[in-house]
>>> print(open('data.cif').read())   # mmCIF, C-alpha atoms and all ligand atoms
data_upload
#
loop_
_atom_site.group_PDB
_atom_site.id
_atom_site.type_symbol
_atom_site.label_atom_id
_atom_site.label_comp_id
_atom_site.auth_asym_id
_atom_site.auth_seq_id
_atom_site.Cartn_x
_atom_site.Cartn_y
_atom_site.Cartn_z
ATOM 1 C CA MET A 1 129.217 16.558 -81.902
ATOM 2 C CA PRO A 2 126.723 14.345 -79.988
ATOM 3 C CA HIS A 3 124.164 12.454 -82.088
ATOM 4 C CA ALA A 4 120.499 13.468 -81.866
ATOM 5 C CA ILE A 5 119.228 9.876 -81.691
ATOM 6 C CA ALA A 6 120.543 7.451 -79.090
ATOM 7 C CA PRO A 7 121.453 4.088 -80.638
ATOM 8 C CA THR A 8 118.827 1.368 -80.342
ATOM 9 C CA LEU A 9 121.457 -1.363 -80.159
ATOM 10 C CA ARG A 10 125.182 -1.547 -79.656
ATOM 11 C CA LEU A 11 126.715 -4.266 -81.863
ATOM 12 C CA GLN A 12 130.182 -5.372 -82.839
ATOM 13 C CA SER A 13 131.086 -6.703 -86.251
ATOM 14 C CA CYS A 14 133.642 -9.348 -85.472
ATOM 15 C CA GLY A 15 136.269 -10.831 -87.754
ATOM 16 C CA ALA A 16 137.470 -13.015 -84.849
ATOM 17 C CA GLY A 17 141.044 -11.794 -85.263
ATOM 18 C CA VAL A 18 143.251 -9.960 -82.772
ATOM 19 C CA GLN A 19 141.601 -6.545 -82.584
ATOM 20 C CA SER A 20 137.983 -7.672 -82.628
ATOM 21 C CA THR A 21 138.716 -10.285 -79.968
ATOM 22 C CA VAL A 22 140.089 -7.534 -77.708
ATOM 23 C CA LEU A 23 136.972 -5.410 -78.201
ATOM 24 C CA ALA A 24 134.588 -8.272 -77.477
ATOM 25 C CA LEU A 25 136.535 -9.351 -74.367
ATOM 26 C CA MET A 26 136.679 -5.781 -73.073
ATOM 27 C CA ALA A 27 132.900 -5.519 -73.400
ATOM 28 C CA ALA A 28 132.481 -8.887 -71.672
ATOM 29 C CA GLU A 29 134.724 -7.710 -68.804
ATOM 30 C CA GLY A 30 132.833 -4.432 -68.445
ATOM 31 C CA LEU A 31 135.857 -2.343 -69.500
ATOM 32 C CA LEU A 32 133.804 -0.985 -72.392
ATOM 33 C CA PRO A 33 130.072 -0.291 -72.513
ATOM 34 C CA ARG A 34 127.811 -3.308 -72.750
ATOM 35 C CA LEU A 35 127.248 -4.847 -76.174
ATOM 36 C CA ASP A 36 123.857 -6.124 -77.304
ATOM 37 C CA GLY A 37 125.507 -8.595 -79.631
ATOM 38 C CA VAL A 38 128.576 -9.571 -81.618
ATOM 39 C CA VAL A 39 128.133 -10.519 -85.279
ATOM 40 C CA PHE A 40 130.656 -12.890 -86.847
ATOM 41 C CA ALA A 41 130.569 -13.399 -90.626
ATOM 42 C CA ASP A 42 131.726 -16.878 -91.578
ATOM 43 C CA THR A 43 133.073 -17.369 -95.121
ATOM 44 C CA GLY A 44 133.059 -21.111 -94.441
ATOM 45 C CA TRP A 45 136.769 -21.255 -95.223
ATOM 46 C CA GLU A 46 138.553 -20.005 -92.118
ATOM 47 C CA PRO A 47 141.346 -22.119 -90.578
ATOM 48 C CA ALA A 48 140.351 -24.505 -87.778
ATOM 49 C CA GLN A 49 142.232 -22.302 -85.293
ATOM 50 C CA VAL A 50 139.978 -19.348 -86.080
ATOM 51 C CA TYR A 51 136.828 -21.421 -85.589
ATOM 52 C CA ALA A 52 138.225 -22.609 -82.241
ATOM 53 C CA GLN A 53 138.813 -18.946 -81.348
ATOM 54 C CA VAL A 54 135.258 -18.040 -82.325
ATOM 55 C CA ASP A 55 133.860 -20.866 -80.163
ATOM 56 C CA ARG A 56 135.990 -19.796 -77.199
ATOM 57 C CA LEU A 57 134.969 -16.178 -77.584
ATOM 58 C CA ALA A 58 131.285 -17.089 -77.945
ATOM 59 C CA ALA A 59 131.486 -19.009 -74.647
ATOM 60 C CA VAL A 60 133.037 -16.031 -72.804
ATOM 61 C CA LEU A 61 130.455 -13.679 -74.289
ATOM 62 C CA ALA A 62 127.608 -16.042 -73.376
ATOM 63 C CA ASP A 63 128.805 -16.038 -69.740
ATOM 64 C CA ALA A 64 128.607 -12.235 -69.871
ATOM 65 C CA GLY A 65 125.093 -12.383 -71.363
ATOM 66 C CA ILE A 66 126.225 -11.116 -74.793
ATOM 67 C CA PRO A 67 124.956 -13.185 -77.734
ATOM 68 C CA MET A 68 127.197 -14.005 -80.680
ATOM 69 C CA TYR A 69 125.391 -14.175 -84.011
ATOM 70 C CA ARG A 70 127.107 -16.224 -86.715
ATOM 71 C CA VAL A 71 126.023 -15.209 -90.183
ATOM 72 C CA SER A 72 126.968 -16.595 -93.586
ATOM 73 C CA ALA A 73 126.401 -15.955 -97.272
ATOM 74 C CA GLY A 74 127.624 -19.444 -98.163
ATOM 75 C CA ASN A 75 130.920 -21.244 -98.455
ATOM 76 C CA LEU A 76 133.406 -19.108 -100.360
ATOM 77 C CA ARG A 77 135.550 -22.073 -101.413
ATOM 78 C CA THR A 78 132.655 -24.177 -102.676
ATOM 79 C CA ASP A 79 130.936 -21.252 -104.388
ATOM 80 C CA SER A 80 134.132 -20.150 -106.138
ATOM 81 C CA LEU A 81 134.425 -23.544 -107.818
ATOM 82 C CA ASP A 82 130.726 -24.015 -108.604
ATOM 83 C CA PRO A 83 129.855 -22.900 -112.152
ATOM 84 C CA THR A 84 126.141 -22.776 -111.260
ATOM 85 C CA HIS A 85 126.726 -20.335 -108.428
ATOM 86 C CA ARG A 86 126.726 -16.575 -108.766
ATOM 87 C CA PHE A 87 130.417 -15.872 -108.664
ATOM 88 C CA ALA A 88 131.811 -13.503 -106.058
ATOM 89 C CA SER A 89 135.275 -12.713 -107.220
ATOM 90 C CA VAL A 90 138.358 -13.497 -105.142
ATOM 91 C CA PRO A 91 141.395 -11.301 -105.898
ATOM 92 C CA TYR A 92 143.501 -13.904 -107.677
ATOM 93 C CA TYR A 93 146.845 -13.041 -109.216
ATOM 94 C CA VAL A 94 146.396 -13.331 -112.955
ATOM 95 C CA ARG A 95 148.776 -14.009 -115.827
ATOM 96 C CA ASN A 96 147.164 -12.717 -118.993
ATOM 97 C CA PRO A 97 147.533 -14.591 -122.314
ATOM 98 C CA ASP A 98 149.937 -11.900 -123.555
ATOM 99 C CA GLY A 99 152.206 -12.525 -120.562
ATOM 100 C CA THR A 100 151.254 -9.384 -118.644
ATOM 101 C CA ASP A 101 150.162 -9.510 -115.025
ATOM 102 C CA GLY A 102 146.756 -8.575 -113.634
ATOM 103 C CA MET A 103 144.555 -9.135 -110.598
ATOM 104 C CA GLY A 104 141.001 -10.294 -110.131
ATOM 105 C CA ARG A 105 138.496 -7.975 -108.514
ATOM 106 C CA ARG A 106 137.872 -8.422 -104.813
ATOM 107 C CA GLN A 107 134.143 -8.854 -104.161
ATOM 108 C CA CYS A 108 134.472 -11.639 -101.588
ATOM 109 C CA THR A 109 134.783 -9.416 -98.520
ATOM 110 C CA ALA A 110 131.679 -7.428 -99.431
ATOM 111 C CA GLU A 111 129.631 -10.473 -100.442
ATOM 112 C CA TYR A 112 130.639 -12.917 -97.720
ATOM 113 C CA LYS A 113 131.267 -10.583 -94.794
ATOM 114 C CA LEU A 114 129.741 -7.131 -95.149
ATOM 115 C CA LYS A 115 126.411 -8.140 -96.702
ATOM 116 C CA PRO A 116 125.463 -10.853 -94.189
ATOM 117 C CA ILE A 117 126.551 -8.630 -91.291
ATOM 118 C CA ASN A 118 124.428 -5.714 -92.504
ATOM 119 C CA ARG A 119 121.459 -7.992 -93.051
ATOM 120 C CA LYS A 120 121.753 -9.269 -89.467
ATOM 121 C CA VAL A 121 122.023 -5.712 -88.163
ATOM 122 C CA ARG A 122 118.811 -4.784 -90.013
ATOM 123 C CA GLU A 123 117.100 -7.889 -88.638
ATOM 124 C CA LEU A 124 118.162 -7.055 -85.073
ATOM 125 C CA LEU A 125 116.913 -3.504 -85.568
ATOM 126 C CA GLY A 126 113.452 -4.823 -86.451
ATOM 127 C CA ALA A 127 113.392 -5.066 -90.270
ATOM 128 C CA ALA A 128 110.677 -7.466 -91.409
ATOM 129 C CA PRO A 129 111.367 -10.985 -92.735
ATOM 130 C CA PRO A 130 112.035 -12.586 -95.098
ATOM 131 C CA LEU A 131 114.334 -10.016 -96.712
ATOM 132 C CA TYR A 132 115.021 -7.743 -93.732
ATOM 133 C CA ARG A 133 115.378 -4.755 -96.032
ATOM 134 C CA ARG A 134 113.798 -1.818 -94.243
ATOM 135 C CA VAL A 135 114.760 -0.767 -90.754
ATOM 136 C CA PRO A 136 111.899 0.946 -88.893
ATOM 137 C CA ALA A 137 112.365 4.706 -88.672
ATOM 138 C CA GLY A 138 114.436 5.993 -85.799
ATOM 139 C CA ARG A 139 116.230 2.699 -85.107
ATOM 140 C CA VAL A 140 120.003 2.886 -85.314
ATOM 141 C CA ALA A 141 122.839 0.524 -84.369
ATOM 142 C CA GLU A 142 126.111 1.741 -82.942
ATOM 143 C CA GLN A 143 128.508 -0.605 -84.679
ATOM 144 C CA TRP A 144 131.936 -1.206 -83.225
ATOM 145 C CA ILE A 145 134.773 -1.798 -85.621
ATOM 146 C CA GLY A 146 138.121 -3.061 -84.330
ATOM 147 C CA PHE A 147 140.602 -0.848 -86.138
ATOM 148 C CA SER A 148 143.708 -0.114 -84.061
ATOM 149 C CA THR A 149 145.792 3.070 -84.191
ATOM 150 C CA ASP A 150 148.113 1.619 -86.841
ATOM 151 C CA GLU A 151 145.062 1.236 -89.087
ATOM 152 C CA ILE A 152 143.580 4.693 -88.773
ATOM 153 C CA HIS A 153 143.872 5.087 -92.551
ATOM 154 C CA ARG A 154 141.221 2.375 -92.909
ATOM 155 C CA VAL A 155 138.534 4.503 -91.279
ATOM 156 C CA SER A 156 136.115 5.441 -94.009
ATOM 157 C CA ASP A 157 132.627 6.766 -94.442
ATOM 158 C CA HIS A 158 132.164 5.752 -98.056
ATOM 159 C CA ASP A 159 129.810 2.877 -97.205
ATOM 160 C CA ARG A 160 127.610 4.899 -94.851
ATOM 161 C CA LEU A 161 124.258 3.355 -93.954
ATOM 162 C CA SER A 162 121.356 5.282 -92.440
ATOM 163 C CA TYR A 163 120.822 2.637 -89.735
ATOM 164 C CA VAL A 164 124.481 2.282 -88.699
ATOM 165 C CA ARG A 165 126.653 4.594 -86.656
ATOM 166 C CA LYS A 166 130.232 3.362 -86.753
ATOM 167 C CA ARG A 167 132.441 3.580 -83.712
ATOM 168 C CA TYR A 168 136.105 2.693 -83.275
ATOM 169 C CA PRO A 169 136.755 1.986 -79.572
ATOM 170 C CA LEU A 170 140.403 0.928 -80.044
ATOM 171 C CA LEU A 171 141.152 4.293 -81.655
ATOM 172 C CA GLU A 172 139.400 6.043 -78.749
ATOM 173 C CA LEU A 173 141.604 4.039 -76.362
ATOM 174 C CA GLY A 174 144.736 4.763 -78.412
ATOM 175 C CA MET A 175 145.502 1.040 -78.749
ATOM 176 C CA SER A 176 147.790 -0.258 -81.470
ATOM 177 C CA ARG A 177 147.828 -3.833 -82.724
ATOM 178 C CA LYS A 178 150.837 -4.488 -80.501
ATOM 179 C CA ASP A 179 148.930 -3.122 -77.493
ATOM 180 C CA CYS A 180 146.111 -5.496 -78.374
ATOM 181 C CA LEU A 181 148.505 -8.448 -78.463
ATOM 182 C CA ARG A 182 149.945 -7.492 -75.059
ATOM 183 C CA TRP A 183 146.421 -7.198 -73.666
ATOM 184 C CA LEU A 184 145.480 -10.633 -75.034
ATOM 185 C CA VAL A 185 148.652 -12.296 -73.714
ATOM 186 C CA ALA A 186 147.965 -10.910 -70.230
ATOM 187 C CA ARG A 187 144.534 -12.591 -70.328
ATOM 188 C CA GLY A 188 145.626 -15.958 -71.632
ATOM 189 C CA TRP A 189 144.592 -15.235 -75.219
ATOM 190 C CA GLY A 190 148.142 -15.033 -76.571
ATOM 191 C CA SER A 191 147.470 -17.677 -79.199
ATOM 192 C CA THR A 192 144.880 -15.513 -80.974
ATOM 193 C CA VAL A 193 145.537 -15.740 -84.729
ATOM 194 C CA LYS A 194 144.645 -13.588 -87.713
ATOM 195 C CA SER A 195 141.412 -14.428 -89.433
ATOM 196 C CA ALA A 196 141.492 -14.926 -93.215
ATOM 197 C CA CYS A 197 140.320 -17.597 -95.624
ATOM 198 C CA ILE A 198 142.620 -20.594 -96.035
ATOM 199 C CA GLY A 199 143.127 -19.794 -99.710
ATOM 200 C CA CYS A 200 143.278 -15.990 -99.552
ATOM 201 C CA PRO A 201 145.620 -14.701 -102.281
ATOM 202 C CA PHE A 202 146.714 -11.936 -99.917
ATOM 203 C CA HIS A 203 148.582 -14.299 -97.609
ATOM 204 C CA GLY A 204 152.246 -13.399 -97.413
ATOM 205 C CA ASN A 205 155.056 -15.935 -97.481
ATOM 206 C CA ALA A 206 155.184 -16.189 -93.674
ATOM 207 C CA GLN A 207 151.525 -17.164 -93.559
ATOM 208 C CA TRP A 208 151.888 -19.729 -96.353
ATOM 209 C CA ARG A 209 154.942 -21.216 -94.598
ATOM 210 C CA ALA A 210 153.105 -21.454 -91.294
ATOM 211 C CA MET A 211 150.231 -23.220 -93.040
ATOM 212 C CA ARG A 212 152.552 -25.648 -94.842
ATOM 213 C CA ASP A 213 154.600 -26.442 -91.726
ATOM 214 C CA GLN A 214 151.927 -26.447 -89.025
ATOM 215 C CA HIS A 215 148.628 -27.232 -90.768
ATOM 216 C CA PRO A 216 149.310 -29.679 -93.608
ATOM 217 C CA ASP A 217 145.596 -30.399 -94.194
ATOM 218 C CA GLU A 218 144.903 -26.714 -94.798
ATOM 219 C CA TRP A 219 148.004 -26.433 -96.975
ATOM 220 C CA ALA A 220 146.789 -29.378 -99.090
ATOM 221 C CA ASP A 221 143.385 -27.708 -99.332
ATOM 222 C CA ALA A 222 144.944 -24.434 -100.531
ATOM 223 C CA ILE A 223 147.069 -26.278 -103.124
ATOM 224 C CA ALA A 224 144.023 -28.162 -104.429
ATOM 225 C CA PHE A 225 142.101 -24.890 -104.696
ATOM 226 C CA ASP A 226 145.016 -23.160 -106.413
ATOM 227 C CA THR A 227 145.107 -25.942 -109.012
ATOM 228 C CA ALA A 228 141.334 -25.743 -109.521
ATOM 229 C CA ILE A 229 141.280 -21.991 -110.160
ATOM 230 C CA ARG A 230 144.006 -21.989 -112.788
ATOM 231 C CA LYS A 231 141.421 -21.236 -115.461
ATOM 232 C CA GLY A 232 139.614 -18.787 -113.237
ATOM 233 C CA GLY A 233 137.425 -20.897 -110.970
ATOM 234 C CA ALA A 234 133.692 -21.067 -111.475
ATOM 235 C CA ARG A 235 133.296 -18.948 -114.584
ATOM 236 C CA GLY A 236 136.758 -18.756 -116.048
ATOM 237 C CA LEU A 237 138.666 -15.578 -116.626
ATOM 238 C CA PRO A 238 137.361 -13.199 -119.245
ATOM 239 C CA LEU A 239 140.669 -13.073 -121.089
ATOM 240 C CA HIS A 240 141.438 -16.780 -120.701
ATOM 241 C CA GLY A 241 144.500 -16.069 -118.631
ATOM 242 C CA GLN A 242 145.622 -18.131 -115.656
ATOM 243 C CA ALA A 243 144.838 -17.475 -112.005
ATOM 244 C CA PHE A 244 147.108 -18.143 -109.020
ATOM 245 C CA LEU A 245 146.957 -17.793 -105.243
ATOM 246 C CA HIS A 246 150.614 -16.823 -104.835
ATOM 247 C CA ARG A 247 151.827 -13.407 -105.922
ATOM 248 C CA SER A 248 154.687 -14.983 -107.908
ATOM 249 C CA ARG A 249 152.044 -16.395 -110.292
ATOM 250 C CA ILE A 250 153.639 -19.805 -109.850
ATOM 251 C CA PRO A 251 151.529 -22.790 -108.688
ATOM 252 C CA LEU A 252 151.343 -22.664 -104.898
ATOM 253 C CA ALA A 253 152.991 -26.068 -104.459
ATOM 254 C CA LEU A 254 156.090 -24.727 -106.246
ATOM 255 C CA ALA A 255 155.904 -21.056 -105.274
ATOM 256 C CA PRO A 256 158.941 -19.518 -103.522
ATOM 257 C CA ILE A 257 157.295 -19.206 -100.109
ATOM 258 C CA ASP A 258 160.574 -19.839 -98.286
ATOM 259 C CA ARG A 259 161.882 -16.558 -99.577
ATOM 260 C CA VAL A 260 161.841 -13.966 -96.797
ATOM 261 C CA THR A 261 160.217 -10.881 -98.268
ATOM 262 C CA ARG A 262 161.689 -7.396 -97.931
ATOM 263 C CA GLY A 263 158.808 -6.506 -95.594
ATOM 264 C CA GLU A 264 159.455 -9.473 -93.310
ATOM 265 C CA TRP A 265 163.185 -8.710 -93.226
ATOM 266 C CA ALA A 266 162.678 -5.031 -92.500
ATOM 267 C CA ASP A 267 160.298 -5.867 -89.671
ATOM 268 C CA ARG A 268 162.385 -8.593 -88.034
ATOM 269 C CA SER A 269 162.634 -7.893 -84.339
ATOM 270 C CA PRO A 270 163.594 -9.715 -81.152
ATOM 271 C CA ASP A 271 160.432 -8.280 -79.559
ATOM 272 C CA ILE A 272 158.061 -11.136 -78.787
ATOM 273 C CA PHE A 273 155.073 -8.986 -79.714
ATOM 274 C CA ASP A 274 156.524 -8.224 -83.110
ATOM 275 C CA ALA A 275 157.057 -11.933 -83.531
ATOM 276 C CA LEU A 276 153.458 -12.554 -82.551
ATOM 277 C CA ALA A 277 152.273 -9.882 -84.908
ATOM 278 C CA GLU A 278 154.167 -11.563 -87.752
ATOM 279 C CA LEU A 279 154.943 -8.164 -89.149
ATOM 280 C CA GLY A 280 155.831 -8.054 -92.792
ATOM 281 C CA ASP A 281 152.852 -10.265 -93.543
ATOM 282 C CA PRO A 282 149.317 -9.057 -94.193
ATOM 283 C CA ASP A 283 147.132 -8.812 -91.175
ATOM 284 C CA GLY A 284 143.980 -10.803 -91.830
ATOM 285 C CA CYS A 285 140.607 -9.970 -93.290
ATOM 286 C CA SER A 286 138.161 -7.602 -91.636
ATOM 287 C CA PRO A 287 134.625 -6.999 -92.918
ATOM 288 C CA TYR A 288 135.172 -3.244 -92.826
ATOM 289 C CA GLY A 289 138.642 -2.975 -94.274
ATOM 290 C CA CYS A 290 140.243 -6.124 -95.517
ATOM 291 C CA ARG A 291 143.595 -6.180 -93.788
ATOM 292 C CA SER A 292 144.721 -8.759 -96.283
ATOM 293 C CA GLY A 293 145.722 -6.080 -98.764
ATOM 294 C CA ALA A 294 144.724 -2.968 -100.617
ATOM 295 C CA ALA A 295 141.638 -2.998 -102.791
ATOM 296 C CA VAL A 296 142.448 -3.750 -106.396
ATOM 297 C CA ALA A 297 140.801 -2.496 -109.544
ATOM 298 C CA ALA A 298 138.954 -4.758 -111.921
HETATM 299 S S1 LIG A 301 140.300 -13.432 -96.493
HETATM 300 FE FE1 LIG A 301 140.832 -13.033 -98.634
HETATM 301 S S2 LIG A 301 139.580 -14.518 -99.780
HETATM 302 FE FE2 LIG A 301 138.663 -14.358 -97.726
HETATM 303 S S3 LIG A 301 137.096 -12.761 -97.855
HETATM 304 FE FE3 LIG A 301 139.001 -11.719 -97.198
HETATM 305 S S4 LIG A 301 139.984 -11.026 -99.118
HETATM 306 FE FE4 LIG A 301 138.429 -12.580 -99.683
#
>>> encode(input="data.cif", output="C-alpha cells", more="lines below")
Ligand code: SF4
Amino acid sequence: MPHAIAPTLRLQSCGAGVQSTVLALMAAEGLLPRLDGVVFADTGWEPAQVYAQVDRLAAVLADAGIPMYRVSAGNLRTDSLDPTHRFASVPYYVRNPDGTDGMGRRQCTAEYKLKPINRKVRELLGAAPPLYRRVPAGRVAEQWIGFSTDEIHRVSDHDRLSYVRKRYPLLELGMSRKDCLRWLVARGWGSTVKSACIGCPFHGNAQWRAMRDQHPDEWADAIAFDTAIRKGGARGLPLHGQAFLHRSRIPLALAPIDRVTRGEWADRSPDIFDALAELGDPDGCSPYGCRSGAAVAA
C-alpha cells in the first residue's frame, strides 16, 4: 500500500560490506533512485581493508554528488578495555567458574552502529542540536538496508521508528549475496570484503585464518585483546568466569582455527563466487541485522 507521506530524505545505512556497497554504487550509477546520503557507522575497530573500501566508496559517491556521513559512538576496542567507560557488551564466549559455557550479551551493534546512525538520520531530518532528539512533524527518511534474498529472515519491524521508513532494494531486485558479488566483480570491486570488528567473537575459523595469514598486525591486535578480556574486559564478568574471542573458549593464539568447520566443508565449492563469499563463515556485521551471528540472550 503506498505511504501517505512522501519521504523527506532517502538515506542508506551502510556497513561498507558487500551488499551495502552494491546499493550505494547502484545509486551512484543511477540504477536506483538518487540517495540524499549514505551513513556509515564506524566502530573504530574495522580492518584496514574495510576503511580503504569506505574511502573508495566515499570518493565514488562524492563524484555522483552523494555525501557519505561517517558517524561514531567511540572506539569499541578502547571502550571495552576502559573501566571508566560505560560498557557496551561484546558477545564474548564465556567459561563460567563451574565449568559451564555461556555467552556475553551483544549490545555493541546497537550502541556503536544503530544509535549513531539513527542520531544522524534525526539530525538530517532537522532535529535540533545538541541532542537531535525530536524530528519535526511530517519529516520521514526512507532508509535503505542492504539485505539480500538469502537474508530475508533478517527483515524485521521490531525496532520501528516514527521517522524512518525502511526499504530493502536488493530484495526488490531479487539479488542474492552471490549476485551482489558478481555485480561487484563486473565493476572492478571484486576485492570488497566483509565488514566486522577485528576482534569480533563471531568470526569463523576461515576469517581468523585469513587474518593470521594475511594481516599479522590485526591478528596480533586480536590476540592482545583476547588476552585483555579474559576477566571480562572493562568491568569484569558478573560471575567471575573467563571470556574468550574464539568459540572453543581457548585463548585465540592457541585456538584450533586451522580446523575446517562442518559449515565450511559443506559449503566448499569450485565456484569462484562461493570462494569469494567464504561460505561457511559468518557474513559480517550490519547495523540492522548483525550478520556475524544470531542474537544471544544475556
Ligand atoms: S562486528 Fe562483532 S564486535 Fe563489532 S559491532 Fe558487530 S557484533 Fe559487535
>>> residues_around(input="data.cif", residues="Thr227 of chain A", least_positions_apart="4", cutoff="12 Å", atoms="all atoms listed in the file", output="short mmCIF file (atom, residue, chain, number, x, y, z; two decimals) with C-alpha atoms, in the coordinates of the input")
data_model
loop_
_atom_site.label_atom_id
_atom_site.label_comp_id
_atom_site.auth_asym_id
_atom_site.auth_seq_id
_atom_site.Cartn_x
_atom_site.Cartn_y
_atom_site.Cartn_z
CA LEU A 81 134.43 -23.54 -107.82
CA GLY A 199 143.13 -19.79 -99.71
CA ALA A 220 146.79 -29.38 -99.09
CA ASP A 221 143.38 -27.71 -99.33
CA ALA A 222 144.94 -24.43 -100.53
CA ILE A 223 147.07 -26.28 -103.12
CA LYS A 231 141.42 -21.24 -115.46
CA GLY A 232 139.61 -18.79 -113.24
CA GLY A 233 137.43 -20.90 -110.97
CA GLN A 242 145.62 -18.13 -115.66
CA ALA A 243 144.84 -17.48 -112.00
CA PHE A 244 147.11 -18.14 -109.02
CA LEU A 245 146.96 -17.79 -105.24
CA HIS A 246 150.61 -16.82 -104.84
CA ARG A 249 152.04 -16.40 -110.29
CA ILE A 250 153.64 -19.80 -109.85
CA PRO A 251 151.53 -22.79 -108.69
CA LEU A 252 151.34 -22.66 -104.90
CA ALA A 253 152.99 -26.07 -104.46
CA LEU A 254 156.09 -24.73 -106.25
#
>>> atom_distance(input="data.cif", atom1="atom CA of Tyr168 of chain A", atom2="atom CA of Val60 of chain A")
21.7 Å
>>> resolve_selection(input="data.cif", expression="the PyMOL selection byres (((chain A and resi 104-121) around 6) and not hetatm)", output="list in words")
Ala41, Thr43, Val71, Ser72, Ala73, Ala88, Ser89, Val90, Pro91, Tyr92, Met103, Arg122, Glu123, Leu124, Pro287 and Ala298 of chain A
>>> residues_around(input="data.cif", residues="Val18 of chain A", least_positions_apart="6", cutoff="9 Å", atoms="only C-alpha atoms", output="number ranges by chain")
A: 146, 177, 180-181, 184, 192-195
>>> closest_residue(input="data.cif", among="A:Arg154, A:His203, A:Arg165, A:His85", to="ligand LIG 301 (chain A)", atoms="all atoms listed in the file")
A:His203
>>> atom_distance(input="data.cif", atom1="atom CA of Leu57 of chain A", atom2="atom CA of Ala24 of chain A")
7.9 Å
>>> atom_distance(input="data.cif", atom1="atom CA of Ala137 of chain A", atom2="atom CA of Asp42 of chain A")
29.1 Å
>>> axis_aligned_box(input="data.cif", around="segment 121-124 of chain A", padding_each_side="3 Å", output="JSON")
{"center_x": 119.6, "center_y": -6.3, "center_z": -87.5, "size_x": 10.9, "size_y": 9.1, "size_z": 10.9}
>>> closest_residue(input="data.cif", among="A:Asp63, A:Glu142, A:Glu151, A:Asp226", to="Pro201 of chain A", atoms="all atoms listed in the file")
A:Asp226
>>> closest_residue(input="data.cif", among="A:Leu25, A:Leu31, A:Ile229, A:Ala48", to="Pro216 of chain A", atoms="all atoms listed in the file")
A:Ala48
